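J.: My questions all concern the structure below.
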Amino acid sequence: MSSFQKWSWVFLILCMPLTAAAQEPTSVVQAPQSASEALARYEQLLSGTAGQAKRLYLITKIAPTALAAGETAKATAYSQSLLSQAPEMPNDWNYGNAIHVAHLVLGHIALSSGDVAEAKRQLLQAGDTTGSPQLNSFGPNMRLAQELLAKEEREVVLQYFELCAKFWGDRQGLLKKWKSMILEGAKPDFGANLGYGLEVWHYDNWNKLQE
């Protein structure tokens with residue numbers, strides 16, 4: 001065997017473990033099976049997260065997840081935390097999301113306790129946001145608006161639409177369509193806008209979050 005062949009074999013042998021390792025599939029983080037499980041995971045991530053912007057980002061996920069898990073006290077506390085922290089970072093890309101989500105969560109809590117007036121106030125404050133990359137593109141969450149419509153609170157929902165129109169491009173003209181339906185006495189189908197911002201744990205990239 002020539003010297004060249006000898007060193008070629010040595011090189012191949014040394015590379016084999018690296019090649020095998022590269023071909024091994026990376027471990028996949030299982031998505032949570034319930035809002036309660038998701039809440040626990042988010043809170044664990046928050047406990048090890050430093051940096052105000054990163055914490056604000058996580059709490060924007062935690063507040064609605066706590067609501068979905070039935071943890072009303074936690075949902076309230078996290079929402080209030082968003083409202084106290086967000087003004088310190090008005091230029092952060094997540095600022096508008098934090099304001100929107102916090103007021104929606106507080107509105108749902110108020111409505112569930114029978115305080116319709118407070119729920120209406122929170123809905124309007126949720127719409128009074130500067131927007132965000134997500135809100136400007138996909139639009140606002142409409143779940144609280146839908147629940148208020150079920151109580152015949154049409155006027156506040158129409159006011160909410162007007163506020164949302166300031167940041168949502170709405171190329172499909174959904175706000176106009178929904179407004180027309182409400183004025184005609186019909187109940188709009190808000191589709192995916194019932195989930196945006198509030199059901200984040202269902203579609204979150206848990207592998208990415210764990211990095």
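Every chain in the structure tokens takes a letter, A first, then B, and so on in the order presented; its residues are numbered from 1, and the ligands are numbered from 1 following the presented order.
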Quick one: DSSP alpha helix (DSSP H) residues in stretch 77-187 of chain A, as a PyMOL selection string?
T.: chain A and resi 77-85+95-112+116-127+133-138+143-149+154-164+174-183
J.: I want to know what sits within 12 Å of A:Arg171, based on only C-alpha atoms, with residues of the same chain fewer than 5 positions away left out; could you give that as a list in words?
T.: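 So, after excluding close chain neighbours, the residues are Asn136, Ser137, Phe138, Gly139, Ala165, Lys176 and Lys177 of chain A.
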J.: Kindly assemble as a tab-separated table a list of the stretch 57-175 of chain A residues that lie within 10 Å of stretch 198-209 of chain A, each paired with its nearest atom pair and their distance in Å to one decimal, using only C-alpha atoms, sorted first by chain and then by ascending residue number.
T.:
```
residue	atom	partner	partner_atom	distance
A:Leu58	CA	A:Leu209	CA	9.6
A:Thr60	CA	A:Leu198	CA	9.1
A:Lys61	CA	A:Val200	CA	6.4
A:Ile62	CA	A:Trp201	CA	8.7
A:Ala63	CA	A:Leu198	CA	8.6
A:Pro64	CA	A:Leu198	CA	5.2
A:Thr65	CA	A:Trp201	CA	6.8
A:Leu67	CA	A:Leu198	CA	8.8
A:Ala68	CA	A:Glu199	CA	8.0
A:Val101	CA	A:Leu198	CA	7.1
A:Ala102	CA	A:Leu198	CA	9.9
A:Leu104	CA	A:Leu198	CA	8.6
A:Val105	CA	A:Leu198	CA	8.2
A:Asn141	CA	A:Leu198	CA	7.5
A:Met142	CA	A:Leu198	CA	9.9
A:Arg143	CA	A:Leu198	CA	8.8
```
J.: What does the distance from atom CA of A:Ala145 to atom CA of A:Gln159 come to in Å, to one decimal?
T.: 10.3 Å
J.: Which residue is closest to A:Glu118? Choose from A:Ala50, A:Ala66, A:Leu135, A:His103 and count only C-alpha atoms.
T.: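 Between A:Ala50, A:Ala66, A:Leu135, A:His103, the residue approaching A:Glu118 most closely is A:His103.
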J.: Rounded to one decimal in Å, what is the spacing between atom CA of A:Ala119 and atom CA of A:Tyr160?
T.: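 If I compute the distance from atom CA of A:Ala119 to atom CA of A:Tyr160, I get 12.1 Å.
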J.: What separation in Å, quoted to one decimal, exists between atom CA of A:Gln210 and atom CA of A:Ala31?
T.: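 Separation of atom CA of A:Gln210 and atom CA of A:Ala31: 11.3 Å.
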J.: Quick one: of A:Leu174, A:Leu123, A:Ile59, A:Val28, who's nearest to A:Asp189, counting only C-alpha atoms?
T.: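 Of the candidates, the smallest distance to A:Asp189 is held by A:Leu174.
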